[in-house]
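**Q** Coordinates in work-v2.cif, mmCIF, C-alpha atoms, are listed below.
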```cif
data_start
#
loop_
_atom_site.label_atom_id
_atom_site.label_comp_id
_atom_site.auth_asym_id
_atom_site.auth_seq_id
_atom_site.Cartn_x
_atom_site.Cartn_y
_atom_site.Cartn_z
CA MET W 1 -2.97 -13.79 0.14
CA LYS W 2 -5.28 -12.94 3.04
CA ASN W 3 -5.65 -9.36 4.26
CA THR W 4 -7.78 -7.53 6.78
CA ILE W 5 -8.81 -3.97 5.94
CA ALA W 6 -10.86 -1.27 7.59
CA PRO W 7 -13.74 -0.55 5.18
CA LEU W 8 -14.92 2.87 4.11
CA ARG W 9 -17.26 4.40 6.66
CA GLN W 10 -19.58 5.88 4.04
CA GLU W 11 -18.91 6.33 0.34
CA PRO W 12 -17.80 8.62 -1.24
CA GLU W 13 -16.09 9.85 1.95
CA PRO W 14 -12.43 8.70 2.18
CA GLU W 15 -12.62 7.89 5.91
CA VAL W 16 -12.28 4.24 6.94
CA ASP W 17 -14.04 2.73 9.95
CA ARG W 18 -11.40 1.57 12.42
CA ASP W 19 -14.07 -0.23 14.46
CA LYS W 20 -14.79 -2.67 11.62
CA GLN W 21 -12.64 -5.16 9.72
CA VAL W 22 -13.22 -6.98 6.44
CA THR W 23 -11.08 -9.96 5.42
CA LEU W 24 -10.23 -10.35 1.74
CA GLU W 25 -8.52 -13.12 -0.21
CA THR W 26 -6.54 -12.26 -3.33
CA TRP W 27 -4.32 -14.25 -5.66
CA HIS W 28 -1.26 -12.82 -7.42
CA SER W 29 0.78 -14.30 -10.26
CA LEU W 30 4.43 -14.92 -9.45
CA ASP W 31 5.55 -12.42 -12.08
CA GLY W 32 3.39 -9.75 -10.43
CA LYS W 33 1.46 -9.02 -13.63
CA GLN W 34 -1.98 -10.42 -12.74
CA THR W 35 -4.20 -10.45 -9.69
CA ALA W 36 -7.44 -12.29 -8.90
CA LEU W 37 -10.21 -11.43 -6.44
CA ASP W 38 -13.46 -13.11 -5.48
CA ASP W 39 -16.29 -10.82 -6.59
CA GLY W 40 -18.36 -11.75 -3.53
CA ARG W 41 -20.57 -14.13 -5.49
CA GLY W 42 -18.08 -16.95 -5.82
CA LYS W 43 -16.65 -15.82 -9.16
CA LEU W 44 -12.98 -14.98 -9.61
CA VAL W 45 -12.18 -11.75 -11.41
CA ILE W 46 -8.69 -11.79 -12.93
CA ALA W 47 -7.17 -8.48 -13.97
CA PRO W 48 -3.77 -7.21 -15.12
CA VAL W 49 -1.65 -5.20 -12.71
CA GLY W 50 -0.17 -1.95 -13.88
CA PRO W 51 1.13 0.15 -15.30
CA GLY W 52 4.17 0.20 -13.08
CA VAL W 53 6.97 -1.91 -11.71
CA THR W 54 6.26 -5.55 -10.79
CA SER W 55 8.02 -8.25 -8.81
CA ALA W 56 9.50 -9.57 -12.06
CA ASP W 57 11.15 -6.20 -12.69
CA LEU W 58 12.80 -6.27 -9.27
CA GLY W 59 14.20 -9.79 -9.44
CA THR W 60 17.02 -9.14 -11.91
CA ALA W 61 20.50 -8.70 -10.44
CA PRO W 62 21.76 -6.54 -8.90
CA VAL W 63 19.09 -6.66 -6.19
CA THR W 64 20.18 -3.80 -3.93
CA PRO W 65 18.31 -1.02 -2.10
CA GLU W 66 19.76 1.58 -4.43
CA GLU W 67 18.73 -0.42 -7.49
CA MET W 68 15.18 -0.83 -6.13
CA ILE W 69 14.83 2.94 -5.82
CA SER W 70 16.37 3.45 -9.26
CA ARG W 71 14.02 0.98 -10.98
CA ILE W 72 10.91 2.22 -9.20
CA GLY W 73 11.86 5.83 -9.92
CA ALA W 74 12.45 5.04 -13.59
CA SER W 75 9.04 3.36 -13.80
CA ILE W 76 7.37 6.39 -12.22
CA ASP W 77 9.18 8.75 -14.58
CA ALA W 78 8.19 6.66 -17.61
CA THR W 79 4.51 6.39 -16.67
CA PRO W 80 2.42 9.19 -18.21
CA ALA W 81 0.47 11.26 -15.72
CA SER W 82 -3.20 10.35 -15.50
CA ALA W 83 -6.23 12.39 -14.51
CA PHE W 84 -5.89 10.91 -11.01
CA ASP W 85 -2.28 11.97 -10.49
CA GLU W 86 -1.96 14.93 -8.14
CA ALA W 87 0.67 17.62 -8.49
CA HIS W 88 1.33 17.87 -4.76
CA VAL W 89 2.54 14.24 -4.54
CA THR W 90 6.33 14.32 -4.78
CA ARG W 91 8.51 11.79 -6.59
CA GLN W 92 9.79 10.57 -3.20
CA GLU W 93 6.24 10.02 -1.98
CA ARG W 94 5.40 8.08 -5.15
CA ILE W 95 8.42 5.82 -4.62
CA PHE W 96 7.36 5.23 -1.01
CA LEU W 97 3.76 4.44 -2.02
CA THR W 98 4.96 2.10 -4.77
CA ILE W 99 7.08 0.16 -2.27
CA SER W 100 4.06 -0.01 0.03
CA SER W 101 1.96 -1.41 -2.81
CA LEU W 102 4.64 -3.94 -3.77
CA LEU W 103 5.05 -5.19 -0.20
CA SER W 104 1.31 -5.50 0.37
CA GLY W 105 0.20 -6.91 -2.97
CA GLN W 106 3.01 -8.61 -4.89
CA PRO W 107 4.74 -11.98 -4.48
CA LEU W 108 8.35 -10.98 -3.92
CA ALA W 109 11.51 -13.05 -3.75
CA ALA W 110 13.21 -12.86 -0.36
CA ASP W 111 16.15 -10.81 -1.65
CA ALA W 112 13.88 -8.29 -3.41
CA ARG W 113 11.68 -7.93 -0.33
CA ALA W 114 14.74 -7.36 1.87
CA ALA W 115 16.12 -4.80 -0.59
CA LEU W 116 12.81 -2.90 -0.58
CA PHE W 117 12.83 -2.70 3.22
CA ARG W 118 16.41 -1.45 3.18
CA ALA W 119 15.50 1.08 0.50
CA LEU W 120 12.91 2.82 2.67
CA PRO W 121 15.38 4.74 4.89
CA LEU W 122 17.15 5.96 1.75
CA ILE W 123 14.06 7.87 0.59
CA GLN W 124 14.30 11.53 1.55
CA GLY W 125 11.60 12.40 4.08
CA VAL W 126 11.05 8.90 5.49
CA ALA W 127 10.95 8.64 9.29
CA VAL W 128 10.56 5.75 11.74
CA LYS W 129 7.64 5.53 14.17
CA GLN W 130 7.52 3.26 17.20
CA GLY W 131 4.28 1.73 18.48
CA ALA W 132 2.46 1.44 15.15
CA VAL W 133 -0.59 -0.86 15.05
CA ASP W 134 -1.97 -2.69 12.01
CA ALA W 135 -5.64 -3.47 11.29
CA ALA W 136 -5.34 -6.83 13.07
CA GLY W 137 -4.17 -5.13 16.27
CA ARG W 138 -0.55 -6.25 15.96
CA HIS W 139 2.08 -3.82 17.20
CA GLY W 140 5.17 -2.98 15.21
CA VAL W 141 7.43 -0.28 13.83
CA ALA W 142 6.41 1.93 10.91
CA PHE W 143 8.31 3.61 8.12
CA VAL W 144 6.45 6.88 7.63
CA TYR W 145 6.23 9.39 4.79
CA THR W 146 4.30 12.60 5.39
CA GLY W 147 3.15 14.37 2.26
CA ALA W 148 1.28 17.61 1.78
CA TYR W 149 -2.10 16.11 2.70
CA GLU W 150 -1.53 12.54 3.89
CA ARG W 151 0.75 10.53 6.16
CA SER W 152 1.43 6.98 4.96
CA GLU W 153 2.85 4.18 7.10
CA ILE W 154 4.40 0.82 6.22
CA ILE W 155 4.18 -1.29 9.38
CA VAL W 156 6.66 -4.09 10.07
CA SER W 157 7.27 -6.47 12.96
CA ALA W 158 9.75 -5.13 15.50
CA GLN W 159 11.02 -8.69 16.06
CA ASP W 160 11.73 -10.00 12.56
CA TYR W 161 10.85 -7.02 10.30
CA ARG W 162 8.25 -8.95 8.32
CA PHE W 163 5.57 -6.84 6.64
CA LEU W 164 2.44 -6.42 8.79
CA GLY W 165 0.27 -3.82 7.09
CA THR W 166 -0.32 -0.17 6.27
CA TYR W 167 -1.97 2.92 7.69
CA GLY W 168 -2.84 6.28 6.15
CA GLU W 169 -4.21 9.47 7.68
CA THR W 170 -4.88 12.98 6.41
CA VAL W 171 -2.61 15.67 7.86
CA ALA W 172 -4.19 18.84 6.47
CA ASP W 173 -7.65 20.07 5.53
CA ARG W 174 -8.33 19.77 1.83
CA THR W 175 -11.22 21.20 -0.18
CA PHE W 176 -12.46 19.56 -3.38
CA ASP W 177 -14.59 21.13 -6.09
CA LEU W 178 -17.80 19.24 -6.83
CA PRO W 179 -20.14 19.40 -9.85
CA GLY W 180 -22.50 22.34 -9.80
CA GLY W 181 -20.07 24.66 -8.06
CA ALA W 182 -20.29 22.99 -4.64
CA THR W 183 -17.24 22.12 -2.54
CA HIS W 184 -16.38 19.45 0.01
CA THR W 185 -13.69 19.64 2.68
CA VAL W 186 -11.86 16.60 4.02
CA LYS W 187 -10.56 17.41 7.48
CA ALA W 188 -7.11 16.60 8.85
CA GLY W 189 -6.80 13.61 11.16
CA ILE W 190 -9.10 11.28 9.21
CA PRO W 191 -7.91 7.66 8.74
CA VAL W 192 -8.04 6.80 5.03
CA ALA W 193 -6.34 3.38 4.98
CA TRP W 194 -5.72 0.63 7.53
CA THR W 195 -4.68 -2.88 6.54
CA ALA W 196 -3.07 -6.05 7.86
CA GLN W 197 -1.54 -8.89 5.87
CA LEU W 198 -2.54 -12.08 7.67
CA ALA W 199 -1.08 -14.76 5.41
CA ALA W 200 0.69 -15.23 2.08
CA LYS W 201 1.08 -18.73 0.62
CA VAL W 202 2.02 -20.20 -2.76
CA VAL W 203 -0.78 -22.15 -4.50
CA GLY W 204 -1.12 -23.73 -7.92
CA LYS W 205 -3.78 -21.49 -9.46
CA PRO W 206 -6.09 -18.55 -8.73
CA GLY W 207 -8.82 -19.53 -6.29
CA ALA W 208 -6.86 -22.43 -4.78
CA ARG W 209 -6.14 -22.49 -1.06
CA PRO W 210 -3.22 -24.08 0.80
#
```
Please express the file's structure as structure tokens.
**A**
Amino acid sequence: MKNTIAPLRQEPEPEVDRDKQVTLETWHSLDGKQTALDDGRGKLVIAPVGPGVTSADLGTAPVTPEEMISRIGASIDATPASAFDEAHVTRQERIFLTISSLLSGQPLAADARAALFRALPLIQGVAVKQGAVDAAGRHGVAFVYTGAYERSEIIVSAQDYRFLGTYGETVADRTFDLPGGATHTVKAGIPVAWTAQLAAKVVGKPGARP
């Protein structure tokens, strides 16, 4: 799978630089349980995916929009909260973000992919935005979920509804506590994610190219 992303402008700030693009190649097992990435030195790093729902979990009949939401919701409910989970993120937002992650980083059967797209309008709070643009400059339509602090977009082609990429932007100022009693405020209107999926092909093993 080949993706273009906007890199972070300056760590540890969450803002991405929309004037720059980095192209990454990743490999994903067909069951959705492993992923591989070049470490930048020519070595493949293979890691498990999870916890959470995978493409294998979504392929069992019935493959319907309602069932996709049910299975993803059940996975979210069954996953213990971690130190990184934030209380302001609603269950609906988690379902939306999980679908975004599945579409952008999992090999999905055609019926499961179609069911996920059809599930998006069923999520309370999801809106449709015209004129969305992915990190490769392609124009499309976006499914949008606006949470307490961030707006997330899943961008699809207006012609054939294939997945194009994602976009995320802060929608409210947010102040974080830092060690030593200091604080840091992330302002509203900052882009925090911008991606484009350029290609997805089936190959025989991690590291192989079509």
**Q** With the file shown as input, list the residues that the PyMOL selection byres ((chain W and resi 111) around 10) selects, as a ChimeraX atom specification.
**A** /W:58-59,63-64,108-110,112-116
**Q** From the options W:Pro191, W:Lys20, W:Gly52, W:Val156, which residue's atoms come nearest to W:Ala78, counting only C-alpha atoms?
**A** W:Gly52
**Q** Between atom CA of W:Ser70 and atom CA of W:Thr146, what is the distance in Å, rounded to a tenth?
**A**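 Those two atoms sit 21.1 Å apart.
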**Q** Just how far from atom CA of W:Arg71 is atom CA of W:Ala56, in Å to one decimal?
**A**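 Between these atoms lies a distance of 11.5 Å.
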**Q** Neighbours of stretch 133-139 of chain W within 9 Å (only C-alpha atoms; same-chain residues fewer than 4 positions away dropped), as a list of chain:residue names?
**A**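 Returned residues: W:Thr4, W:Ile5, W:Ala6, W:Arg18, W:Gln21, W:Ile155, W:Val156, W:Ser157, W:Ala158, W:Leu164, W:Gly165, W:Thr166, W:Tyr167, W:Trp194, W:Thr195, W:Ala196, W:Gln197, W:Leu198.
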**Q** Could you tell me which residues the PyMOL selection byres ((chain W and resi 131) around 8) grabs in this file, written as a PyMOL selection string?
**A** chain W and resi 129-130+132-133+139-142
**Q** Run the PyMOL selection byres ((chain W and resi 28-40) around 6) mentally over the shown coordinates, then write out the matched residues as a PyMOL selection string, using the chain letters and numbers from the document.
**A** chain W and resi 26-27+41-49+54-56+106-107
**Q** Could you work out how far atom CA of W:Val53 lies from atom CA of W:Thr79, giving the answer in Å with one decimal?
**A**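 Between these atoms lies a distance of 10.0 Å.
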**Q** So that I can check the surroundings of stretch 208-210 of chain W, please list as a list in words every protein, DNA and RNA residue that reaches within 10 Å of it, counting all atoms listed in the file and ignoring chain neighbours fewer than 3 positions away.
**A** Met1, Glu25, Trp27, Ala200, Lys201, Val202, Val203, Gly204 and Lys205 of chain W
**Q** Could you name the residues that touch W:Ile95 at 10 Å or less, counting all atoms listed in the file, but leaving out those on the same chain fewer than 4 positions away, as a VMD selection string?
**A** chain W and resid 68 to 76 90 to 91 99 to 101 119 to 120 123
**Q** Using all atoms listed in the file, determine which residues lie at most 10 Å from W:Glu13, disregarding the query and same-chain residues fewer than 6 positions distant; provide the list as a list of chain:residue names.
**A**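 After dropping sequence-adjacent residues, the list is W:His184, W:Val186, W:Val192.
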**Q** Please write the residues from the selection above to a file, keeping C-alpha atoms, as a PDB file, in the frame of the given file.
**A**
```pdb
ATOM      1  CA  HIS W 184     -16.380  19.450   0.010  1.00  0.00           C
ATOM      2  CA  VAL W 186     -11.860  16.600   4.020  1.00  0.00           C
ATOM      3  CA  VAL W 192      -8.040   6.800   5.030  1.00  0.00           C
TER       4      VAL W 192
END
```
**Q** Just want the 10 Å neighbourhood of stretch 173-181 of chain W, counted on all atoms listed in the file, with same-chain residues fewer than 3 positions away dropped. Output as a VMD selection string.
**A** chain W and resid 148 to 150 170 184 to 190
**Q** Box for stretch 109-113 of chain W: with edges along x, y and z, all listed atoms inside and 3 Å added on each side, what are the centre and edge lengths in Å to one decimal, as lines of an AutoDock Vina configuration file?
**A**
```
center_x = 13.8
center_y = -10.5
center_z = -2.0
size_x = 10.6
size_y = 11.1
size_z = 9.4
```
**Q** Which residue, W:Val16, W:Ala199, W:Ala182, W:Val144, has the smallest gap to W:Ser104 when you use all atoms listed in the file?
**A**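 Looking only at the distances to W:Ser104, the closest residue turns out to be W:Ala199.
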**Q** Select stretch 125-159 of chain W in the preceding structure and write C-alpha atoms to a file as a CSV table (one decimal), in the first residue's frame.
**A**
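See out-v7.csv below for the written result:
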```csv
chain,number,residue,atom,x,y,z
W,125,GLY,CA,-23.2,13.3,14.1
W,126,VAL,CA,-21.7,12.4,10.7
W,127,ALA,CA,-22.1,15.1,8.0
W,128,VAL,CA,-21.1,15.3,4.3
W,129,LYS,CA,-18.7,17.9,3.0
W,130,GLN,CA,-18.3,18.9,-0.6
W,131,GLY,CA,-15.0,20.0,-2.1
W,132,ALA,CA,-12.7,18.0,0.2
W,133,VAL,CA,-9.1,17.7,-0.9
W,134,ASP,CA,-6.7,14.8,0.0
W,135,ALA,CA,-2.9,15.1,0.5
W,136,ALA,CA,-2.3,14.4,-3.2
W,137,GLY,CA,-4.5,17.3,-4.2
W,138,ARG,CA,-7.4,15.1,-5.4
W,139,HIS,CA,-10.8,16.6,-4.9
W,140,GLY,CA,-13.7,14.5,-3.5
W,141,VAL,CA,-16.5,14.3,-0.9
W,142,ALA,CA,-15.8,13.9,2.8
W,143,PHE,CA,-17.7,12.2,5.5
W,144,VAL,CA,-17.1,14.4,8.6
W,145,TYR,CA,-17.3,13.9,12.3
W,146,THR,CA,-16.7,16.9,14.6
W,147,GLY,CA,-15.8,16.0,18.1
W,148,ALA,CA,-15.1,18.3,21.1
W,149,TYR,CA,-11.6,19.2,19.9
W,150,GLU,CA,-11.1,17.8,16.4
W,151,ARG,CA,-12.8,17.4,13.1
W,152,SER,CA,-12.0,14.2,11.2
W,153,GLU,CA,-12.7,13.7,7.5
W,154,ILE,CA,-12.9,10.5,5.4
W,155,ILE,CA,-12.4,11.6,1.8
W,156,VAL,CA,-13.8,9.6,-1.1
W,157,SER,CA,-14.0,10.1,-4.8
W,158,ALA,CA,-17.2,11.9,-6.0
W,159,GLN,CA,-17.2,9.8,-9.1
```
